[in-house]
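Source file query-v8.pdb; content: PDB, C-alpha atoms and all ligand atoms.
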```pdb
MODEL        1
ATOM      1  CA  MET A   1     107.186 108.624 120.400
ATOM      2  CA  LYS A   2     107.919 110.551 117.220
ATOM      3  CA  SER A   3     105.030 111.441 114.954
ATOM      4  CA  GLY A   4     103.908 113.865 112.315
ATOM      5  CA  PHE A   5     102.159 114.704 109.094
ATOM      6  CA  VAL A   6     104.056 114.207 105.868
ATOM      7  CA  ALA A   7     102.782 115.385 102.463
ATOM      8  CA  ILE A   8     103.960 114.199  99.074
ATOM      9  CA  ILE A   9     103.976 117.305  96.899
ATOM     10  CA  GLY A  10     104.935 117.860  93.277
ATOM     11  CA  ARG A  11     103.669 118.704  89.825
ATOM     12  CA  PRO A  12     101.342 116.217  88.070
ATOM     13  CA  ASN A  13     102.743 112.865  86.913
ATOM     14  CA  VAL A  14     106.078 112.858  88.757
ATOM     15  CA  GLY A  15     105.098 109.664  90.608
ATOM     16  CA  LYS A  16     103.595 110.922  93.873
ATOM     17  CA  SER A  17     100.937 108.228  94.142
ATOM     18  CA  THR A  18     103.418 105.528  93.134
ATOM     19  CA  LEU A  19     105.688 106.693  95.966
ATOM     20  CA  PHE A  20     102.765 106.856  98.376
ATOM     21  CA  ASN A  21     101.848 103.225  97.624
ATOM     22  CA  ALA A  22     105.510 102.166  97.873
ATOM     23  CA  LEU A  23     105.901 103.802 101.291
ATOM     24  CA  MET A  24     102.603 102.261 102.423
ATOM     25  CA  ASN A  25     103.664  98.877 101.087
ATOM     26  CA  THR A  26     100.239  98.484  99.561
ATOM     27  CA  LYS A  27      98.024 100.087  97.006
ATOM     28  CA  LEU A  28      95.793 102.821  98.345
ATOM     29  CA  ALA A  29      96.184 105.557  95.755
ATOM     30  CA  ALA A  30      95.301 105.548  92.077
ATOM     31  CA  VAL A  31      98.202 105.615  89.615
ATOM     32  CA  SER A  32      98.158 106.129  85.858
ATOM     33  CA  PRO A  33     100.295 107.554  83.063
ATOM     34  CA  LYS A  34      97.798 110.419  82.646
ATOM     35  CA  PRO A  35      98.058 113.712  84.549
ATOM     36  CA  GLN A  36      95.776 114.527  87.478
ATOM     37  CA  THR A  37      94.865 110.943  88.268
ATOM     38  CA  THR A  38      94.731 111.866  91.940
ATOM     39  CA  ARG A  39      91.785 114.037  92.907
ATOM     40  CA  ALA A  40      91.074 113.611  96.608
ATOM     41  CA  LYS A  41      93.771 113.770  99.263
ATOM     42  CA  ILE A  42      94.446 110.202 100.384
ATOM     43  CA  SER A  43      95.939 109.557 103.787
ATOM     44  CA  GLY A  44      98.004 106.582 104.899
ATOM     45  CA  VAL A  45      99.126 105.752 108.418
ATOM     46  CA  ILE A  46     102.470 104.023 108.969
ATOM     47  CA  THR A  47     102.862 102.899 112.572
ATOM     48  CA  GLN A  48     106.211 101.566 113.761
ATOM     49  CA  VAL A  49     107.397 100.772 117.303
ATOM     50  CA  ASP A  50     108.337 104.341 118.194
ATOM     51  CA  THR A  51     107.133 106.362 115.195
ATOM     52  CA  GLN A  52     103.854 107.161 113.512
ATOM     53  CA  ILE A  53     103.912 108.752 110.068
ATOM     54  CA  ILE A  54     100.685 110.154 108.667
ATOM     55  CA  LEU A  55     101.325 110.348 104.948
ATOM     56  CA  TRP A  56      99.269 112.370 102.483
ATOM     57  CA  ASP A  57      99.119 111.818  98.753
ATOM     58  CA  CYS A  58      97.986 115.049  97.142
ATOM     59  CA  PRO A  59      96.796 116.157  93.702
ATOM     60  CA  GLY A  60      99.504 117.724  91.536
ATOM     61  CA  LEU A  61     100.484 121.367  91.905
ATOM     62  CA  PHE A  62     100.467 123.368  88.693
ATOM     63  CA  GLN A  63      99.132 126.624  87.321
ATOM     64  CA  ALA A  64      95.575 125.453  86.791
ATOM     65  CA  ARG A  65      93.393 127.478  84.468
ATOM     66  CA  ASP A  66      89.913 125.976  84.920
ATOM     67  CA  ASP A  67      87.827 125.928  88.088
ATOM     68  CA  PHE A  68      87.921 122.169  88.540
ATOM     69  CA  ASN A  69      91.705 121.906  88.446
ATOM     70  CA  LYS A  70      91.990 124.998  90.622
ATOM     71  CA  LYS A  71      89.979 123.068  93.234
ATOM     72  CA  LEU A  72      92.431 120.158  93.065
ATOM     73  CA  VAL A  73      95.398 122.493  93.413
ATOM     74  CA  LYS A  74      93.725 124.072  96.435
ATOM     75  CA  ILE A  75      93.642 120.666  98.161
ATOM     76  CA  ALA A  76      97.408 120.335  97.746
ATOM     77  CA  ILE A  77      97.987 123.892  98.948
ATOM     78  CA  LYS A  78      95.824 123.336 102.035
ATOM     79  CA  SER A  79      97.962 120.305 102.915
ATOM     80  CA  LEU A  80     101.086 122.458 102.669
ATOM     81  CA  LYS A  81      99.802 124.616 105.504
ATOM     82  CA  GLU A  82      99.260 121.689 107.852
ATOM     83  CA  ILE A  83     102.338 119.500 107.637
ATOM     84  CA  ASP A  84     105.540 118.792 109.537
ATOM     85  CA  LEU A  85     107.498 117.410 106.610
ATOM     86  CA  ILE A  86     107.284 117.835 102.846
ATOM     87  CA  LEU A  87     108.443 115.255 100.338
ATOM     88  CA  TRP A  88     108.881 117.307  97.180
ATOM     89  CA  LEU A  89     109.006 114.933  94.278
ATOM     90  CA  ILE A  90     110.570 115.799  90.915
ATOM     91  CA  ASP A  91     110.970 113.684  87.793
ATOM     92  CA  CYS A  92     114.637 113.339  86.795
ATOM     93  CA  THR A  93     113.728 112.900  83.140
ATOM     94  CA  ALA A  94     112.137 116.386  83.092
ATOM     95  CA  TYR A  95     113.626 118.211  86.046
ATOM     96  CA  LYS A  96     113.583 121.755  84.691
ATOM     97  CA  HIS A  97     109.831 121.871  84.227
ATOM     98  CA  GLU A  98     108.187 125.259  84.788
ATOM     99  CA  ASP A  99     105.616 123.672  87.089
ATOM    100  CA  ASP A 100     108.465 122.652  89.416
ATOM    101  CA  GLU A 101     109.210 126.357  89.913
ATOM    102  CA  PHE A 102     105.552 126.838  90.707
ATOM    103  CA  VAL A 103     105.729 124.039  93.301
ATOM    104  CA  LEU A 104     108.693 125.693  95.016
ATOM    105  CA  SER A 105     106.916 129.041  95.036
ATOM    106  CA  CYS A 106     103.874 127.379  96.677
ATOM    107  CA  ILE A 107     106.086 125.745  99.299
ATOM    108  CA  LYS A 108     107.677 129.089 100.100
ATOM    109  CA  LYS A 109     104.372 130.915 100.116
ATOM    110  CA  TYR A 110     102.138 128.483 102.009
ATOM    111  CA  ALA A 111     104.307 126.104 104.029
ATOM    112  CA  ILE A 112     106.796 128.550 105.446
ATOM    113  CA  SER A 113     105.096 131.128 107.597
ATOM    114  CA  PRO A 114     106.512 133.339 110.341
ATOM    115  CA  ASN A 115     103.815 132.153 112.790
ATOM    116  CA  LYS A 116     104.851 128.522 112.870
ATOM    117  CA  LYS A 117     107.822 126.208 112.780
ATOM    118  CA  ALA A 118     109.076 125.731 109.212
ATOM    119  CA  PRO A 119     108.481 122.237 107.871
ATOM    120  CA  ILE A 120     111.339 119.913 107.050
ATOM    121  CA  ILE A 121     111.744 119.594 103.283
ATOM    122  CA  PHE A 122     113.214 116.618 101.451
ATOM    123  CA  LEU A 123     113.794 116.732  97.714
ATOM    124  CA  LEU A 124     113.157 113.335  96.164
ATOM    125  CA  ILE A 125     114.487 112.860  92.651
ATOM    126  CA  ASN A 126     112.238 110.168  91.187
ATOM    127  CA  LYS A 127     112.423 107.784  88.200
ATOM    128  CA  ILE A 128     116.199 107.285  88.502
ATOM    129  CA  ASP A 129     115.701 103.889  86.854
ATOM    130  CA  LYS A 130     115.447 105.915  83.643
ATOM    131  CA  ILE A 131     118.746 107.835  83.705
ATOM    132  CA  LYS A 132     122.519 107.383  84.152
ATOM    133  CA  LYS A 133     124.161 107.817  87.569
ATOM    134  CA  GLU A 134     126.301 110.766  86.386
ATOM    135  CA  ASP A 135     123.171 112.650  85.389
ATOM    136  CA  ILE A 136     121.690 112.262  88.866
ATOM    137  CA  LEU A 137     124.654 114.191  90.282
ATOM    138  CA  ILE A 138     123.984 117.085  87.906
ATOM    139  CA  ILE A 139     120.380 117.290  89.098
ATOM    140  CA  ILE A 140     121.419 117.173  92.749
ATOM    141  CA  ASP A 141     123.840 120.006  92.075
ATOM    142  CA  THR A 142     121.224 122.108  90.291
ATOM    143  CA  TYR A 143     118.676 121.726  93.068
ATOM    144  CA  ARG A 144     121.135 122.169  95.926
ATOM    145  CA  LYS A 145     121.598 125.723  94.688
ATOM    146  CA  ILE A 146     117.936 126.660  94.740
ATOM    147  CA  TYR A 147     116.967 125.653  98.281
ATOM    148  CA  LYS A 148     118.552 124.361 101.481
ATOM    149  CA  PHE A 149     116.841 120.969 101.620
ATOM    150  CA  GLU A 150     117.279 118.869 104.744
ATOM    151  CA  GLU A 151     117.814 115.827 102.499
ATOM    152  CA  ILE A 152     118.113 115.191  98.757
ATOM    153  CA  ILE A 153     117.432 111.548  97.900
ATOM    154  CA  PRO A 154     117.380 109.947  94.427
ATOM    155  CA  ILE A 155     114.685 107.276  94.264
ATOM    156  CA  SER A 156     112.682 105.056  92.004
ATOM    157  CA  ALA A 157     109.176 104.748  93.388
ATOM    158  CA  LEU A 158     108.335 102.212  90.705
ATOM    159  CA  LYS A 159     111.352  99.948  91.209
ATOM    160  CA  GLY A 160     111.501 100.448  94.974
ATOM    161  CA  ILE A 161     114.934 102.090  95.028
ATOM    162  CA  ASN A 162     115.713 103.984  98.282
ATOM    163  CA  ILE A 163     112.156 103.748  99.593
ATOM    164  CA  ASN A 164     113.287 102.359 102.946
ATOM    165  CA  LEU A 165     115.905 105.087 103.162
ATOM    166  CA  VAL A 166     113.191 107.731 102.692
ATOM    167  CA  LYS A 167     111.099 106.077 105.408
ATOM    168  CA  SER A 168     113.958 105.961 107.891
ATOM    169  CA  LYS A 169     114.972 109.561 107.141
ATOM    170  CA  ILE A 170     111.370 110.673 107.772
ATOM    171  CA  SER A 171     111.416 108.912 111.146
ATOM    172  CA  GLU A 172     114.740 110.541 111.970
ATOM    173  CA  TYR A 173     113.463 114.070 111.391
ATOM    174  CA  LEU A 174     109.931 113.861 112.808
ATOM    175  CA  PRO A 175     109.319 115.742 116.057
ATOM    176  CA  ASP A 176     108.295 114.133 119.348
ATOM    177  CA  GLY A 177     104.541 113.802 119.337
ATOM    178  CA  PRO A 178     101.517 111.699 120.238
ATOM    179  CA  GLN A 179     100.322 108.532 118.547
ATOM    180  CA  TYR A 180      97.503 110.036 116.509
ATOM    181  CA  PHE A 181      95.883 106.752 115.374
ATOM    182  CA  PRO A 182      95.561 103.209 116.782
ATOM    183  CA  ASP A 183      98.268 100.710 115.698
ATOM    184  CA  ASP A 184      96.185  98.872 113.133
ATOM    185  CA  ILE A 185      94.709 101.794 111.190
ATOM    186  CA  LEU A 186      95.727 101.948 107.526
ATOM    187  CA  THR A 187      94.000 105.173 106.483
ATOM    188  CA  ASP A 188      91.526 107.700 107.785
ATOM    189  CA  THR A 189      90.260 108.604 104.328
ATOM    190  CA  PRO A 190      86.578 107.601 104.027
ATOM    191  CA  GLN A 191      86.189 104.184 102.420
ATOM    192  CA  GLU A 192      83.865 105.543  99.689
ATOM    193  CA  ILE A 193      86.601 107.866  98.476
ATOM    194  CA  ILE A 194      89.206 105.120  98.273
ATOM    195  CA  LEU A 195      86.784 102.836  96.424
ATOM    196  CA  SER A 196      85.899 105.641  94.043
ATOM    197  CA  GLU A 197      89.596 106.345  93.339
ATOM    198  CA  PHE A 198      90.213 102.652  92.576
ATOM    199  CA  ILE A 199      87.352 102.584  90.081
ATOM    200  CA  ARG A 200      88.381 105.872  88.494
ATOM    201  CA  GLU A 201      91.939 104.632  88.086
ATOM    202  CA  LYS A 202      90.678 101.936  85.734
ATOM    203  CA  ILE A 203      88.867 104.553  83.671
ATOM    204  CA  TYR A 204      92.194 106.405  83.406
ATOM    205  CA  LEU A 205      93.941 103.211  82.370
ATOM    206  CA  TYR A 206      91.454 101.897  79.829
ATOM    207  CA  THR A 207      89.926 104.955  78.159
ATOM    208  CA  ARG A 208      91.539 107.686  76.118
ATOM    209  CA  LYS A 209      91.557 111.362  75.274
ATOM    210  CA  GLU A 210      89.103 113.418  77.295
ATOM    211  CA  ILE A 211      87.069 110.484  78.651
ATOM    212  CA  PRO A 212      88.954 110.046  81.964
ATOM    213  CA  PHE A 213      88.853 113.767  82.683
ATOM    214  CA  SER A 214      85.127 113.919  81.954
ATOM    215  CA  ALA A 215      84.332 111.184  84.463
ATOM    216  CA  ALA A 216      83.660 111.026  88.182
ATOM    217  CA  VAL A 217      82.826 108.007  90.300
ATOM    218  CA  VAL A 218      80.292 108.349  93.077
ATOM    219  CA  VAL A 219      79.902 105.439  95.474
ATOM    220  CA  ASN A 220      76.244 105.479  96.506
ATOM    221  CA  GLU A 221      76.052 102.451  98.713
ATOM    222  CA  THR A 222      78.310  99.978 100.484
ATOM    223  CA  ARG A 223      76.683  97.172 102.426
ATOM    224  CA  LEU A 224      78.651  94.515 104.276
ATOM    225  CA  ASP A 225      77.140  91.080 104.789
ATOM    226  CA  GLU A 226      79.191  90.017 107.788
ATOM    227  CA  GLU A 227      77.964  86.423 107.759
ATOM    228  CA  LYS A 228      78.893  85.801 104.142
ATOM    229  CA  ASN A 229      81.843  88.222 104.130
ATOM    230  CA  ILE A 230      80.535  90.012 101.083
ATOM    231  CA  LEU A 231      80.742  93.743 100.481
ATOM    232  CA  TYR A 232      78.078  94.990  98.107
ATOM    233  CA  ILE A 233      79.066  98.246  96.376
ATOM    234  CA  GLN A 234      76.891 100.334  94.087
ATOM    235  CA  ALA A 235      78.608 103.173  92.265
ATOM    236  CA  ASP A 236      77.803 105.524  89.401
ATOM    237  CA  ILE A 237      80.256 106.653  86.777
ATOM    238  CA  LEU A 238      79.211 110.183  85.880
ATOM    239  CA  THR A 239      80.233 111.696  82.604
ATOM    240  CA  ASN A 240      79.372 114.874  80.762
ATOM    241  CA  LYS A 241      78.288 113.587  77.342
ATOM    242  CA  GLN A 242      76.205 110.864  75.768
ATOM    243  CA  SER A 243      79.133 109.995  73.461
ATOM    244  CA  ALA A 244      81.415 109.503  76.479
ATOM    245  CA  LYS A 245      78.799 107.292  78.110
ATOM    246  CA  LYS A 246      78.782 105.103  75.015
ATOM    247  CA  ILE A 247      82.541 104.602  75.253
ATOM    248  CA  LEU A 248      82.450 103.944  79.001
ATOM    249  CA  VAL A 249      79.762 101.299  78.581
ATOM    250  CA  GLY A 250      81.494  99.807  75.551
ATOM    251  CA  ASN A 251      80.326  97.313  73.009
ATOM    252  CA  LYS A 252      77.681  95.158  74.750
ATOM    253  CA  GLY A 253      78.955  96.496  78.080
ATOM    254  CA  ALA A 254      82.529  95.285  77.509
ATOM    255  CA  MET A 255      84.243  98.427  78.818
ATOM    256  CA  ILE A 256      82.243  98.779  81.999
ATOM    257  CA  LYS A 257      82.798  95.091  82.662
ATOM    258  CA  LYS A 258      86.551  95.489  82.204
ATOM    259  CA  ILE A 259      86.628  98.511  84.544
ATOM    260  CA  GLY A 260      84.525  96.692  87.142
ATOM    261  CA  THR A 261      86.529  93.470  87.098
ATOM    262  CA  ALA A 262      89.871  95.239  87.510
ATOM    263  CA  ALA A 263      88.560  97.575  90.217
ATOM    264  CA  ARG A 264      87.028  94.669  92.132
ATOM    265  CA  LYS A 265      90.418  92.940  92.357
ATOM    266  CA  ASP A 266      92.075  96.058  93.812
ATOM    267  CA  ILE A 267      89.200  96.573  96.234
ATOM    268  CA  GLU A 268      89.381  92.970  97.477
ATOM    269  CA  THR A 269      93.133  93.298  98.119
ATOM    270  CA  PHE A 270      92.556  96.564  99.979
ATOM    271  CA  LEU A 271      89.726  95.120 102.096
ATOM    272  CA  LYS A 272      91.794  92.100 103.050
ATOM    273  CA  LEU A 273      94.425  94.388 104.492
ATOM    274  CA  GLN A 274      92.011  96.802 106.098
ATOM    275  CA  MET A 275      89.631  94.248 107.613
ATOM    276  CA  LYS A 276      92.139  91.437 108.079
ATOM    277  CA  LYS A 277      89.967  88.840 106.398
ATOM    278  CA  ASP A 278      88.888  87.808 102.908
ATOM    279  CA  ILE A 279      85.920  89.804 101.701
ATOM    280  CA  LYS A 280      84.250  89.130  98.393
ATOM    281  CA  VAL A 281      83.127  92.197  96.479
ATOM    282  CA  TYR A 282      79.990  92.637  94.411
ATOM    283  CA  LEU A 283      80.452  95.785  92.398
ATOM    284  CA  GLU A 284      77.506  97.222  90.551
ATOM    285  CA  LEU A 285      78.390 100.063  88.192
ATOM    286  CA  PHE A 286      76.121 102.346  86.185
ATOM    287  CA  VAL A 287      77.218 104.985  83.689
ATOM    288  CA  LYS A 288      75.140 108.154  83.818
ATOM    289  CA  VAL A 289      75.266 111.408  81.907
ATOM    290  CA  LYS A 290      75.407 114.376  84.255
ATOM    291  CA  GLU A 291      76.748 117.339  82.323
ATOM    292  CA  THR A 292      77.281 119.590  85.274
ATOM    293  CA  TRP A 293      78.821 117.266  87.862
ATOM    294  CA  LYS A 294      81.854 119.538  88.189
ATOM    295  CA  GLU A 295      79.611 122.384  89.356
ATOM    296  CA  ASN A 296      77.478 120.276  91.690
ATOM    297  CA  GLU A 297      78.410 120.995  95.320
ATOM    298  CA  ALA A 298      76.893 117.777  96.720
ATOM    299  CA  ILE A 299      78.772 115.624  94.218
ATOM    300  CA  MET A 300      82.052 117.488  94.742
ATOM    301  CA  SER A 301      81.702 117.087  98.495
ATOM    302  CA  SER A 302      80.995 113.350  98.217
ATOM    303  CA  LEU A 303      84.228 113.075  96.202
ATOM    304  CA  GLY A 304      86.213 114.839  98.913
ATOM    305  CA  LEU A 305      86.686 117.870  96.666
ATOM    306  CA  SER A 306      85.146 120.691  98.631
TER     307      SER A 306
HETATM  308  P1  LIG B 401     101.391 111.417  90.230
HETATM  309  O1  LIG B 401     100.507 112.127  89.263
HETATM  310  O2  LIG B 401     102.537 112.304  90.651
HETATM  311  O3  LIG B 401     100.664 110.832  91.394
HETATM  312  O4  LIG B 401     102.073 110.208  89.411
HETATM  313  P2  LIG B 401     101.695 108.642  89.377
HETATM  314  O5  LIG B 401     102.144 107.977  90.640
HETATM  315  O6  LIG B 401     100.265 108.486  88.980
HETATM  316  O7  LIG B 401     102.681 108.142  88.217
HETATM  317  C1  LIG B 401     102.689 108.728  86.932
HETATM  318  C2  LIG B 401     103.408 107.779  85.978
HETATM  319  O8  LIG B 401     104.805 107.700  86.298
HETATM  320  C3  LIG B 401     102.867 106.346  86.040
HETATM  321  O9  LIG B 401     102.839 105.836  84.731
HETATM  322  C4  LIG B 401     103.919 105.618  86.893
HETATM  323  O10 LIG B 401     104.012 104.247  86.622
HETATM  324  C5  LIG B 401     105.198 106.351  86.486
HETATM  325  N1  LIG B 401     106.258 106.275  87.532
HETATM  326  C6  LIG B 401     106.142 106.608  88.832
HETATM  327  N2  LIG B 401     107.310 106.409  89.476
HETATM  328  C7  LIG B 401     108.199 105.937  88.573
HETATM  329  C8  LIG B 401     109.583 105.531  88.634
HETATM  330  O11 LIG B 401     110.246 105.529  89.662
HETATM  331  N3  LIG B 401     110.149 105.111  87.465
HETATM  332  C9  LIG B 401     109.455 105.061  86.294
HETATM  333  N4  LIG B 401     110.102 104.636  85.209
HETATM  334  N5  LIG B 401     108.145 105.418  86.202
HETATM  335  C10 LIG B 401     107.524 105.851  87.335
HETATM  336 MG    MG B 402      98.681 110.906  91.929
ENDMDL
END
```
Here is the file; what I need is its structure written in the form of structure tokens.
Ligand code: GDP
Ligand code: MG
Amino acid sequence: MKSGFVAIIGRPNVGKSTLFNALMNTKLAAVSPKPQTTRAKISGVITQVDTQIILWDCPGLFQARDDFNKKLVKIAIKSLKEIDLILWLIDCTAYKHEDDEFVLSCIKKYAISPNKKAPIIFLLINKIDKIKKEDILIIIDTYRKIYKFEEIIPISALKGININLVKSKISEYLPDGPQYFPDDILTDTPQEIILSEFIREKIYLYTRKEIPFSAAVVVNETRLDEEKNILYIQADILTNKQSAKKILVGNKGAMIKKIGTAARKDIETFLKLQMKKDIKVYLELFVKVKETWKENEAIMSSLGLS
């Protein structure tokens, strides 16, 4: 058996979570056009006949200035120290970004250490649906000069271009190892964290300016009624200001209803795959003002951020 831990690494917004979902063949990670959508590290397990890939979607790596973003960056850096293979994702429409240099410096600093075997590094050039073929060659040439990657693969995570190639190349390079998880496990990330990411994704999609960044979603309770196949979920959307709460609730509750309805659909699809049966979801959401949630250790820990 071949097996190993594979982390998707890159600066914010290059399409890491989109790639993660494409490789998993299902939606597990939150995706949005806004930076730093991903907060917790989400794991996905891909089990094939003779290979098991444990895939990690990580927050973006960049030179964070505030404490909260520094925490997110730390999660990605910690993953770098623990993996067998790195998928370094860049965006071909902005491939000379200064944060990409920062990503490479982190890889060199944290992933490659004299005390352990160096990880295998693939460079994945994403969003190739947006540029001409000739331009892809220029990017390959530029990046070939800066590091000796085991593979350089142009992909489109969104359009599904070369996703199977990436998967088979991962399997080819992984070392011999044990089967870490049973065949039918999809993820070992706690369910509350996945549910919270799904709900937060809708906040990122439907609200603007600083609202998404001011919000956190804490899942307080999940209760499964096995007879009726209903999962009852109660979650709070925390935000730092009364004005933000007003927007999140919306006119006569329209916004919170929109967030809840969309999140419920994603959660039901996820549960069907995870539990192999149809589960109906009752999602109860409250918006609460909690100015200091970013400094609250218990909240940060429940979000997988400490
Ligand atoms: P992350 O921050 O690196 O996890 O990036 P996301 O996966 O959240 O994606 C950021 C944005 O890029 C979203 O709007 C995606 O739809 C978009 N995106 C991701 N992959 C592709 C791609 O292959 N092509 C195009 N055109 N857009 C993509
Ligand atoms: Mg992401």
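The residue that comes closest to Arg223 of chain A, out of A:Ile152, A:Ile279, A:Ile163, A:Met24 and on the basis of only C-alpha atoms, is A:Ile279.
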message: Evaluate the PyMOL selection byres (((not hetatm)) within 10 of (chain B and resi 401)) against this structure - the residues, as a count of residues only, please.
response: 53
query: Of the candidates A:Tyr206, A:Phe198, A:Phe270, A:Phe286, which one gets nearest to Gln234 of chain A if we count only C-alpha atoms?
result: A:Phe286
task: Using all atoms listed in the file, find the one residue out of A:Phe181, A:Tyr282, A:Asn162, A:Glu197 that sits nearest to ligand MG 402 (chain B).
output: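 Selected residue with least distance to ligand MG 402 (chain B): A:Glu197.
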query: What is the atom CA of Thr292 of chain A to atom CA of Ala244 of chain A distance in Å?
result: 14.0 Å
- request: Compute the distance from (89.1, 95.5, 96.9) to each atom, counting all atoms listed in the file, keep the residues with any atom at most 9 Å away, and return them as a ChimeraX atom specification; use the coordinates of the file.
  value: /A:195,198,263-272,279-281
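Between atom CA of Leu231 of chain A and atom CA of Gln274 of chain A lies a distance of 13.0 Å.
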- prompt: Between A:Trp293, A:Tyr95, A:Phe68, A:Tyr204, which has the minimum distance to ligand MG 402 (chain B) (counting only C-alpha atoms and all ligand atoms)?
  reply: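 The answer is A:Tyr204, which sits nearest to ligand MG 402 (chain B).
Here atom CA of Pro119 of chain A stands at a distance of 5.1 Å from atom CA of Leu85 of chain A.
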field: Nearest-residue call for Thr207 of chain A, choices A:Lys167, A:Lys246, A:Lys109, A:Lys78, using all atoms listed in the file
entry: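 Answer, going by the shortest atom-to-atom distance: A:Lys246.
Counting all atoms listed in the file and comparing A:Thr51, A:Ala7, A:Asp99, A:Ser168, the residue that lies closest to Ile83 of chain A is A:Ala7.
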Reference answer for the PyMOL selection byres (((chain A and resi 190) around 10) and not hetatm), as a ChimeraX atom specification: /A:42-43,187-189,191-195,302-304
Selection to disk with C-alpha atoms, as a short mmCIF file (atom, residue, chain, number, x, y, z; two decimals), in the frame of the given file:
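Output saved as part-v2.cif:
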```cif
data_model
loop_
_atom_site.label_atom_id
_atom_site.label_comp_id
_atom_site.auth_asym_id
_atom_site.auth_seq_id
_atom_site.Cartn_x
_atom_site.Cartn_y
_atom_site.Cartn_z
CA ILE A 42 94.45 110.20 100.38
CA SER A 43 95.94 109.56 103.79
CA THR A 187 94.00 105.17 106.48
CA ASP A 188 91.53 107.70 107.78
CA THR A 189 90.26 108.60 104.33
CA GLN A 191 86.19 104.18 102.42
CA GLU A 192 83.86 105.54 99.69
CA ILE A 193 86.60 107.87 98.48
CA ILE A 194 89.21 105.12 98.27
CA LEU A 195 86.78 102.84 96.42
CA SER A 302 81.00 113.35 98.22
CA LEU A 303 84.23 113.08 96.20
CA GLY A 304 86.21 114.84 98.91
#
```
message: Give me, as number ranges by chain, all polymer residues having an atom no more than 9 Å from Ser3 of chain A, counting all atoms listed in the file and skipping those fewer than 5 positions away in the same chain.
response: A: 50-54, 171, 174-180
query: Hey, what comes out of the PyMOL selection byres (((chain A and resi 140) around 12) and not hetatm) on this file? Could you write it as a list in words?
result: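 Applied to this file, the PyMOL selection byres (((chain A and resi 140) around 12) and not hetatm) selects Ile90, Cys92, Tyr95, Phe122, Leu123, Leu124, Ile125, Asn126, Ile128, Lys133, Glu134, Asp135, Ile136, Leu137, Ile138, Ile139, Asp141, Thr142, Tyr143, Arg144, Lys145, Ile146, Tyr147, Lys148, Phe149, Glu151, Ile152, Ile153 and Pro154 of chain A.
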Keeping only C-alpha atoms, take the residues you just selected and write them out as a short mmCIF file (atom, residue, chain, number, x, y, z; two decimals), in the coordinates of the input.
```
data_model
loop_
_atom_site.label_atom_id
_atom_site.label_comp_id
_atom_site.auth_asym_id
_atom_site.auth_seq_id
_atom_site.Cartn_x
_atom_site.Cartn_y
_atom_site.Cartn_z
CA ILE A 90 110.57 115.80 90.92
CA CYS A 92 114.64 113.34 86.80
CA TYR A 95 113.63 118.21 86.05
CA PHE A 122 113.21 116.62 101.45
CA LEU A 123 113.79 116.73 97.71
CA LEU A 124 113.16 113.34 96.16
CA ILE A 125 114.49 112.86 92.65
CA ASN A 126 112.24 110.17 91.19
CA ILE A 128 116.20 107.28 88.50
CA LYS A 133 124.16 107.82 87.57
CA GLU A 134 126.30 110.77 86.39
CA ASP A 135 123.17 112.65 85.39
CA ILE A 136 121.69 112.26 88.87
CA LEU A 137 124.65 114.19 90.28
CA ILE A 138 123.98 117.08 87.91
CA ILE A 139 120.38 117.29 89.10
CA ASP A 141 123.84 120.01 92.08
CA THR A 142 121.22 122.11 90.29
CA TYR A 143 118.68 121.73 93.07
CA ARG A 144 121.14 122.17 95.93
CA LYS A 145 121.60 125.72 94.69
CA ILE A 146 117.94 126.66 94.74
CA TYR A 147 116.97 125.65 98.28
CA LYS A 148 118.55 124.36 101.48
CA PHE A 149 116.84 120.97 101.62
CA GLU A 151 117.81 115.83 102.50
CA ILE A 152 118.11 115.19 98.76
CA ILE A 153 117.43 111.55 97.90
CA PRO A 154 117.38 109.95 94.43
#
```
message: What's around Leu238 of chain A at 8 Å? Count all atoms listed in the file, leave out sequence neighbours fewer than 3 positions away in its own chain, and write the answer as a PyMOL selection string.
response: chain A and resi 215-218+287-290+293
Could you give me the axis-aligned bounding box of segment 43-50 of chain A, with 3 Å of padding per side, as centre plus edge lengths in Å to one decimal, as AutoDock Vina command-line options?
```
--center_x 102.1 --center_y 105.2 --center_z 111.0 --size_x 18.4 --size_y 14.8 --size_z 20.4
```
